[in-house]
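Q: Data file input-v7.txt (compact mmCIF, C-alpha atoms) is appended below.
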```txt
# COMPACT_ATOMS: atom_id res chain seq x y z
CA MET A 1 26.75 -40.76 -36.01
CA LEU A 2 28.26 -37.32 -36.20
CA ARG A 3 25.51 -34.87 -37.20
CA ILE A 4 26.97 -31.41 -37.55
CA LEU A 5 27.02 -28.50 -39.97
CA VAL A 6 29.72 -28.79 -42.61
CA VAL A 7 31.27 -25.47 -43.61
CA VAL A 8 33.01 -25.77 -46.97
CA SER A 9 34.94 -22.50 -46.99
CA LEU A 10 36.49 -20.04 -44.58
CA CYS A 11 36.12 -16.31 -44.81
CA CYS A 12 39.46 -14.63 -45.47
CA ALA A 13 39.08 -12.23 -42.58
CA VAL A 14 38.83 -14.37 -39.46
CA SER A 15 38.96 -12.61 -36.14
CA ALA A 16 41.64 -13.67 -33.70
CA ALA A 17 39.21 -14.27 -30.87
CA VAL A 18 40.21 -16.10 -27.72
CA ALA A 19 38.72 -19.58 -27.60
CA ASP A 20 36.33 -20.64 -24.87
CA GLU A 21 37.67 -24.20 -24.54
CA ALA A 22 34.96 -25.33 -22.14
CA LEU A 23 32.28 -24.07 -24.52
CA ILE A 24 33.97 -25.76 -27.47
CA ARG A 25 34.14 -29.06 -25.60
CA ARG A 26 30.46 -28.90 -24.56
CA THR A 27 29.26 -27.93 -28.02
CA ILE A 28 31.27 -30.50 -29.93
CA GLU A 29 30.58 -33.33 -27.47
CA SER A 30 26.84 -32.65 -27.80
CA LYS A 31 27.21 -33.60 -31.48
CA LEU A 32 29.35 -36.72 -31.00
CA GLY A 33 26.85 -39.18 -29.59
CA GLY A 34 28.81 -39.90 -26.40
CA ALA A 35 32.40 -39.51 -27.62
CA LYS A 36 34.65 -37.20 -25.60
CA VAL A 37 36.83 -34.40 -26.88
CA GLU A 38 40.47 -35.20 -26.13
CA GLY A 39 42.07 -31.89 -27.07
CA VAL A 40 41.45 -28.34 -28.23
CA GLN A 41 44.25 -26.19 -29.63
CA PRO A 42 44.73 -23.27 -32.00
CA THR A 43 45.74 -23.84 -35.62
CA PRO A 44 48.02 -21.59 -37.68
CA VAL A 45 44.84 -19.93 -39.02
CA PRO A 46 43.78 -17.05 -36.70
CA GLY A 47 40.50 -17.83 -34.98
CA LEU A 48 40.42 -21.47 -36.09
CA TYR A 49 40.80 -24.28 -33.53
CA GLU A 50 41.56 -27.97 -33.86
CA VAL A 51 39.35 -30.36 -31.90
CA SER A 52 40.47 -33.97 -31.53
CA PHE A 53 38.30 -36.83 -30.33
CA ARG A 54 38.27 -40.62 -30.48
CA SER A 55 35.53 -42.55 -32.25
CA SER A 56 35.10 -46.18 -33.27
CA ASP A 57 37.35 -45.31 -36.22
CA GLY A 58 40.12 -44.04 -33.97
CA VAL A 59 41.35 -40.49 -33.45
CA GLN A 60 39.53 -37.84 -35.49
CA ILE A 61 40.13 -34.13 -36.07
CA ILE A 62 37.59 -31.41 -36.86
CA TYR A 63 37.82 -27.63 -36.66
CA THR A 64 35.77 -24.83 -35.12
CA ASN A 65 35.86 -21.13 -34.39
CA ALA A 66 36.47 -19.57 -30.97
CA ASP A 67 32.88 -19.83 -29.72
CA ALA A 68 31.98 -23.04 -31.57
CA THR A 69 29.23 -21.51 -33.70
CA HIS A 70 30.59 -23.24 -36.80
CA ILE A 71 32.19 -26.65 -37.27
CA ILE A 72 34.40 -27.57 -40.22
CA ILE A 73 35.05 -31.11 -41.41
CA GLY A 74 37.95 -31.60 -43.80
CA ARG A 75 41.69 -31.20 -44.22
CA LEU A 76 43.70 -28.10 -43.40
CA VAL A 77 46.36 -27.51 -46.06
CA ASP A 78 49.02 -24.79 -46.14
CA ALA A 79 48.49 -23.19 -49.55
CA LYS A 80 52.07 -21.90 -49.78
CA THR A 81 53.85 -25.17 -49.02
CA ASP A 82 51.10 -27.73 -49.84
CA ARG A 83 51.67 -29.28 -46.40
CA ASP A 84 48.69 -31.28 -45.19
CA LEU A 85 48.54 -29.93 -41.63
CA THR A 86 45.71 -32.27 -40.68
CA GLU A 87 47.75 -35.32 -41.69
CA GLU A 88 50.79 -34.03 -39.78
CA ARG A 89 48.71 -33.64 -36.63
CA MET A 90 47.14 -37.08 -37.09
CA ARG A 91 50.61 -38.62 -37.27
CA ARG A 92 51.50 -37.08 -33.92
CA LEU A 93 48.19 -37.84 -32.22
CA THR A 94 48.39 -41.54 -33.14
CA THR A 95 52.06 -42.09 -32.24
CA ILE A 96 52.97 -45.42 -30.66
CA ASN A 97 55.93 -46.67 -28.62
CA MET A 98 58.03 -48.52 -31.18
CA ASP A 99 59.95 -50.40 -28.48
CA THR A 100 56.80 -52.32 -27.54
CA LEU A 101 56.28 -53.91 -30.96
CA PRO A 102 56.87 -57.69 -31.21
CA TYR A 103 59.46 -57.56 -33.99
CA ASP A 104 59.87 -61.33 -33.80
CA LEU A 105 56.47 -61.56 -35.54
CA ALA A 106 57.58 -59.37 -38.45
CA VAL A 107 59.23 -60.18 -41.77
CA LYS A 108 62.43 -58.16 -42.02
CA VAL A 109 63.63 -56.75 -45.34
CA GLN A 110 66.87 -54.78 -45.44
CA ARG A 111 68.52 -52.89 -48.27
CA GLY A 112 71.90 -51.17 -48.16
CA SER A 113 72.97 -49.90 -44.75
CA GLY A 114 69.45 -50.28 -43.37
CA LYS A 115 69.81 -47.00 -41.47
CA ARG A 116 66.28 -45.83 -42.29
CA ALA A 117 63.63 -47.67 -40.28
CA LEU A 118 60.03 -48.39 -41.19
CA VAL A 119 57.28 -50.65 -39.85
CA ILE A 120 54.37 -51.59 -42.11
CA PHE A 121 51.11 -53.41 -41.53
CA SER A 122 50.38 -54.77 -44.99
CA ASP A 123 48.03 -57.15 -46.75
CA PRO A 124 49.68 -58.63 -49.86
CA HIS A 125 46.31 -58.59 -51.63
CA CYS A 126 45.56 -54.94 -50.90
CA PRO A 127 45.82 -52.95 -54.19
CA ALA A 128 47.23 -49.89 -52.40
CA CYS A 129 49.81 -52.09 -50.67
CA LYS A 130 50.91 -53.59 -53.98
CA GLN A 131 51.31 -50.13 -55.47
CA PHE A 132 53.26 -48.92 -52.46
CA GLU A 133 55.63 -51.90 -52.73
CA LYS A 134 56.80 -50.40 -56.02
CA VAL A 135 57.64 -47.18 -54.18
CA LEU A 136 59.45 -49.03 -51.42
CA ALA A 137 61.56 -50.88 -53.97
CA THR A 138 63.14 -47.55 -54.92
CA ILE A 139 64.19 -46.65 -51.36
CA ASP A 140 67.75 -47.58 -50.41
CA ASP A 141 69.45 -47.89 -47.01
CA ILE A 142 66.25 -49.03 -45.32
CA THR A 143 65.15 -51.69 -42.85
CA ILE A 144 61.48 -52.60 -43.14
CA HIS A 145 59.63 -54.75 -40.63
CA TYR A 146 56.47 -56.08 -42.27
CA PHE A 147 53.63 -57.20 -40.05
CA MET A 148 51.55 -59.35 -42.37
CA TYR A 149 47.96 -58.24 -41.86
CA PRO A 150 45.68 -60.32 -44.15
CA VAL A 151 42.40 -58.54 -43.50
CA ILE A 152 41.51 -57.34 -47.00
CA ARG A 153 41.28 -60.86 -48.44
CA PRO A 154 41.11 -63.04 -45.29
CA GLU A 155 40.26 -66.08 -47.40
CA LEU A 156 43.82 -65.83 -48.79
CA ALA A 157 45.49 -65.57 -45.37
CA ASP A 158 47.16 -68.95 -45.94
CA GLN A 159 49.46 -67.23 -48.43
CA SER A 160 50.75 -64.96 -45.66
CA ARG A 161 51.18 -67.99 -43.43
CA ALA A 162 53.18 -69.65 -46.21
CA VAL A 163 55.49 -66.63 -46.27
CA TRP A 164 56.06 -67.04 -42.55
CA CYS A 165 56.97 -70.70 -43.03
CA ALA A 166 59.25 -70.09 -46.02
CA PRO A 167 63.02 -70.69 -45.65
CA ASP A 168 63.64 -67.10 -46.84
CA ARG A 169 60.79 -64.96 -45.53
CA SER A 170 62.07 -61.73 -47.04
CA LYS A 171 62.19 -63.19 -50.54
CA ALA A 172 58.86 -64.96 -50.11
CA TRP A 173 57.21 -61.73 -48.96
CA LEU A 174 58.55 -59.68 -51.87
CA ASP A 175 57.58 -62.42 -54.30
CA LEU A 176 54.02 -62.31 -52.99
CA ALA A 177 53.50 -58.61 -52.22
CA LEU A 178 55.53 -57.08 -55.06
CA ARG A 179 55.43 -59.73 -57.77
CA GLY A 180 52.14 -61.52 -56.98
CA LYS A 181 53.85 -64.89 -56.78
CA ALA A 182 52.31 -67.07 -54.06
CA ILE A 183 53.93 -70.13 -52.52
CA SER A 184 52.48 -73.13 -50.72
CA GLY A 185 53.10 -73.42 -47.01
CA GLY A 186 52.19 -77.07 -46.70
CA PRO A 187 49.86 -78.68 -44.17
CA LYS A 188 52.14 -78.04 -41.17
CA CYS A 189 52.53 -74.29 -41.73
CA GLU A 190 52.08 -72.50 -38.41
CA SER A 191 49.27 -69.95 -38.25
CA ALA A 192 49.78 -68.53 -34.74
CA PRO A 193 52.17 -65.66 -35.70
CA ILE A 194 49.77 -64.31 -38.32
CA ASP A 195 46.84 -64.55 -35.92
CA LYS A 196 48.86 -62.65 -33.30
CA VAL A 197 49.62 -59.88 -35.80
CA VAL A 198 45.92 -59.50 -36.59
CA GLU A 199 45.27 -59.17 -32.85
CA LEU A 200 48.09 -56.63 -32.58
CA GLY A 201 46.77 -54.55 -35.46
CA THR A 202 43.32 -54.48 -33.91
CA LYS A 203 44.80 -53.36 -30.59
CA LEU A 204 46.76 -50.56 -32.29
CA GLY A 205 43.73 -49.39 -34.25
CA VAL A 206 45.10 -50.36 -37.65
CA ARG A 207 41.99 -50.06 -39.81
CA SER A 208 43.50 -49.74 -43.27
CA THR A 209 46.44 -51.06 -45.22
CA PRO A 210 49.11 -50.10 -45.70
CA THR A 211 49.58 -48.46 -42.29
CA LEU A 212 53.12 -47.22 -41.70
CA PHE A 213 54.98 -46.38 -38.52
CA LEU A 214 58.12 -44.25 -38.67
CA ALA A 215 61.10 -44.67 -36.34
CA ASN A 216 59.68 -42.03 -33.97
CA GLY A 217 56.37 -43.89 -33.72
CA GLU A 218 54.36 -41.56 -35.95
CA ARG A 219 51.64 -43.25 -37.99
CA LEU A 220 50.89 -42.81 -41.69
CA ARG A 221 47.67 -44.25 -43.03
CA GLY A 222 48.28 -45.14 -46.65
CA GLY A 223 51.27 -44.84 -48.92
CA THR A 224 53.13 -41.77 -50.12
CA SER A 225 55.58 -40.81 -52.85
CA ALA A 226 59.20 -41.96 -52.79
CA ALA A 227 60.46 -38.38 -52.38
CA GLN A 228 58.14 -37.63 -49.47
CA LEU A 229 58.83 -41.00 -47.85
CA LYS A 230 62.58 -40.36 -47.86
CA VAL A 231 62.03 -37.01 -46.15
CA LEU A 232 59.76 -38.55 -43.50
CA LEU A 233 62.13 -41.46 -42.87
CA ASP A 234 65.12 -39.16 -42.43
CA GLU A 235 63.24 -36.71 -40.20
CA ALA A 236 62.06 -39.56 -37.96
CA GLN A 237 65.52 -40.98 -37.36
CA PRO A 238 66.97 -40.48 -33.85
CA LYS A 239 69.16 -37.40 -33.72
CA LYS A 240 72.86 -38.03 -33.17
CA LYS A 241 74.14 -36.60 -29.92
```
Take the structure from the file and write it as structure tokens.
A:
Amino acid sequence: MLRILVVVSLCCAVSAAVADEALIRRTIESKLGGAKVEGVQPTPVPGLYEVSFRSSDGVQIIYTNADATHIIIGRLVDAKTDRDLTEERMRRLTTINMDTLPYDLAVKVQRGSGKRALVIFSDPHCPACKQFEKVLATIDDITIHYFMYPVIRPELADQSRAVWCAPDRSKAWLDLALRGKAISGGPKCESAPIDKVVELGTKLGVRSTPTLFLANGERLRGGTSAAQLKVLLDEAQPKKK
């Protein structure tokens, strides 16, 4: 359990002191119950430093001053642009190698040219996932690989298995996840692919749905707006040489 002082506001005049990284590591680790600090780096705010560590919930970020006398828990947001700087850093710190994913275990949905690429771990019975499907339906020129991750309502996992066994998996998935229309997979419906995806999600630290991975491997936990998603998808695409 992390037991540290929570500072809810920053003074406007923060001194640009030089951080004592070793001191920061020792101080923060003494509050983490055995977890190790993985990185310390300055933020755009003078005198404020980002500290990243890994807990049972995956990578975490907190903030501190140069000599670690105060610790701040929360999100760092650029007031001028409304950019969530904490979320941007989390995307980079939890990046995966997209080439290692077993795409043969995913349901592929393509619209238009399919030039935008997205991987999603999704539970069709997750309310946030259902809402995000409405956003995805407005995005054109996209290829989505869905890894069906029935962990929210595991007692309904047979519906995901039925999607896997359907003649048209893409249609069956959209019928279930977007329209709430379940199908029957029959007694011979294979369960191994779904079980493998659950194992994969656990290995990758997928602890919430939907969890998205962009083409560059950056991770987004939860959905976003259509406008922001388009920007992220385009920025993540490989640059043409």
Q: Could you tell me how far atom CA of Gln41 of chain A lies from atom CA of Ile96 of chain A, in Å and to one decimal?
A: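 Distance between the two atoms: 21.1 Å.
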Q: Hey, what's within 12 Å of Ala19 of chain A if we count only C-alpha atoms and toss same-chain stuff fewer than 6 positions away? As a list in words, please?
A: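 The neighbour list is Arg25, Val40, Gln41, Pro42, Thr43, Pro46, Gly47, Leu48, Tyr49, Glu50, Val51, Thr64, Asn65, Ala66, Asp67, Ala68 and Thr69 of chain A.
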Q: Which is closest to Arg219 of chain A among A:Ala236, A:Val151, A:Leu85, A:Ile24, if we use only C-alpha atoms?
A: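 That would be A:Ala236, the residue with the smallest distance to Arg219 of chain A.
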Q: Counting all atoms listed in the file, which residues come within 8 Å of (40.6, -29.4, -22.9), with the point read in the file's coordinates, and could you list them as a ChimeraX atom specification?
A: /A:21-22,25,37-40
Q: What lies within 12 Å of Thr138 of chain A using only C-alpha atoms, ignoring chain neighbours under 2 positions off, as a ChimeraX atom specification?
A: /A:111-112,132-136,140-142,225-227,229-230
Q: With all atoms listed in the file as the atoms that count, which of A:Met148, A:Leu178, A:Thr143, A:Gly58 lies nearest to Trp164 of chain A?
A: A:Met148
Q: Do you know which residues lie at most 12 Å from (34.5, -37.9, -28.2), with coordinates as in the file and only C-alpha atoms counted, and could you write them as a PyMOL selection string?
A: chain A and resi 1-2+25-40+51-62
Q: Quick check, in Å to one decimal: how far apart do atom CA of Pro167 of chain A and atom CA of Phe213 of chain A lie?
A: 26.6 Å
Q: Grab the atom CA of Ala177 of chain A to atom CA of His125 of chain A distance for me, in Å with one decimal place.
A: 7.2 Å
Q: When distances are computed from all atoms listed in the file, which of A:Phe121, A:Trp173, A:Tyr103, A:Tyr146 shows the smallest separation from Gly205 of chain A?
A: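 Smallest separation from Gly205 of chain A among the options: A:Phe121.
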Q: Measuring between only C-alpha atoms, which one of A:Glu190, A:Glu199, A:Ala117, A:Arg221 shows the shortest distance to Pro238 of chain A?
A: A:Ala117
Q: With a distance cut-off of 10 Å and all atoms listed in the file, select the neighbouring residues of Leu105 of chain A, excluding the residue or stretch itself and same-chain residues fewer than 2 positions from it, and output the selection as a list in words.
A: Leu101, Pro102, Tyr103, Val107, Lys108, His145, Tyr146, Phe147, Met148, Trp164, Ala192, Pro193, Ile194, Lys196 and Val197 of chain A
Q: With distances taken over all atoms listed in the file, which residue among A:Glu87, A:Asp123, A:Asp82, A:Asp175 lies nearest Tyr149 of chain A?
A: A:Asp123
Q: Starting from the incomplete input, reconstruct N, CA and C atoms of segment 90-116 of chain A and write that as a CSV table (one decimal), in the coordinates of the input.
A:
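The new file rebuild02.csv reads:
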```
chain,number,residue,atom,x,y,z
A,90,MET,N,47.6,-35.7,-37.3
A,90,MET,CA,47.1,-37.1,-37.1
A,90,MET,C,48.3,-38.0,-36.8
A,91,ARG,N,49.4,-37.8,-37.5
A,91,ARG,CA,50.6,-38.6,-37.3
A,91,ARG,C,51.1,-38.5,-35.8
A,92,ARG,N,51.0,-37.3,-35.3
A,92,ARG,CA,51.5,-37.1,-33.9
A,92,ARG,C,50.5,-37.6,-32.9
A,93,LEU,N,49.2,-37.4,-33.2
A,93,LEU,CA,48.2,-37.8,-32.2
A,93,LEU,C,48.1,-39.4,-32.1
A,94,THR,N,48.5,-40.1,-33.1
A,94,THR,CA,48.4,-41.5,-33.1
A,94,THR,C,49.7,-42.2,-33.0
A,95,THR,N,50.7,-41.5,-32.4
A,95,THR,CA,52.1,-42.1,-32.2
A,95,THR,C,52.0,-43.3,-31.3
A,96,ILE,N,52.9,-44.3,-31.5
A,96,ILE,CA,53.0,-45.4,-30.7
A,96,ILE,C,54.4,-45.5,-30.2
A,97,ASN,N,54.6,-46.4,-29.1
A,97,ASN,CA,55.9,-46.7,-28.6
A,97,ASN,C,56.5,-47.8,-29.4
A,98,MET,N,57.5,-47.5,-30.3
A,98,MET,CA,58.0,-48.5,-31.2
A,98,MET,C,58.7,-49.6,-30.4
A,99,ASP,N,59.2,-49.4,-29.2
A,99,ASP,CA,60.0,-50.4,-28.5
A,99,ASP,C,59.0,-51.5,-28.0
A,100,THR,N,57.7,-51.3,-28.0
A,100,THR,CA,56.8,-52.3,-27.5
A,100,THR,C,56.3,-53.3,-28.6
A,101,LEU,N,56.7,-53.0,-29.9
A,101,LEU,CA,56.3,-53.9,-31.0
A,101,LEU,C,57.0,-55.3,-30.9
A,102,PRO,N,56.3,-56.3,-31.2
A,102,PRO,CA,56.9,-57.7,-31.2
A,102,PRO,C,57.6,-58.0,-32.6
A,103,TYR,N,58.8,-57.5,-32.7
A,103,TYR,CA,59.5,-57.6,-34.0
A,103,TYR,C,59.7,-59.0,-34.4
A,104,ASP,N,59.7,-59.9,-33.4
A,104,ASP,CA,59.9,-61.3,-33.8
A,104,ASP,C,58.7,-61.9,-34.6
A,105,LEU,N,57.6,-61.1,-34.7
A,105,LEU,CA,56.5,-61.6,-35.5
A,105,LEU,C,56.5,-60.9,-36.9
A,106,ALA,N,57.5,-60.1,-37.2
A,106,ALA,CA,57.6,-59.4,-38.4
A,106,ALA,C,58.5,-60.0,-39.4
A,107,VAL,N,58.3,-59.8,-40.7
A,107,VAL,CA,59.2,-60.2,-41.8
A,107,VAL,C,60.2,-59.0,-42.0
A,108,LYS,N,61.4,-59.2,-41.9
A,108,LYS,CA,62.4,-58.2,-42.0
A,108,LYS,C,63.0,-58.1,-43.4
A,109,VAL,N,63.0,-57.0,-44.0
A,109,VAL,CA,63.6,-56.8,-45.3
A,109,VAL,C,64.6,-55.6,-45.2
A,110,GLN,N,65.9,-55.8,-45.6
A,110,GLN,CA,66.9,-54.8,-45.4
A,110,GLN,C,67.6,-54.5,-46.8
A,111,ARG,N,67.8,-53.3,-47.1
A,111,ARG,CA,68.5,-52.9,-48.3
A,111,ARG,C,69.6,-51.9,-47.9
A,112,GLY,N,70.8,-52.1,-48.5
A,112,GLY,CA,71.9,-51.2,-48.2
A,112,GLY,C,72.3,-51.2,-46.7
A,113,SER,N,72.5,-50.0,-46.1
A,113,SER,CA,73.0,-49.9,-44.8
A,113,SER,C,71.8,-50.2,-43.8
A,114,GLY,N,70.6,-50.1,-44.2
A,114,GLY,CA,69.4,-50.3,-43.4
A,114,GLY,C,69.2,-49.2,-42.3
A,115,LYS,N,69.9,-48.0,-42.5
A,115,LYS,CA,69.8,-47.0,-41.5
A,115,LYS,C,68.4,-46.4,-41.3
A,116,ARG,N,67.7,-46.3,-42.4
A,116,ARG,CA,66.3,-45.8,-42.3
A,116,ARG,C,65.4,-47.0,-41.8
```
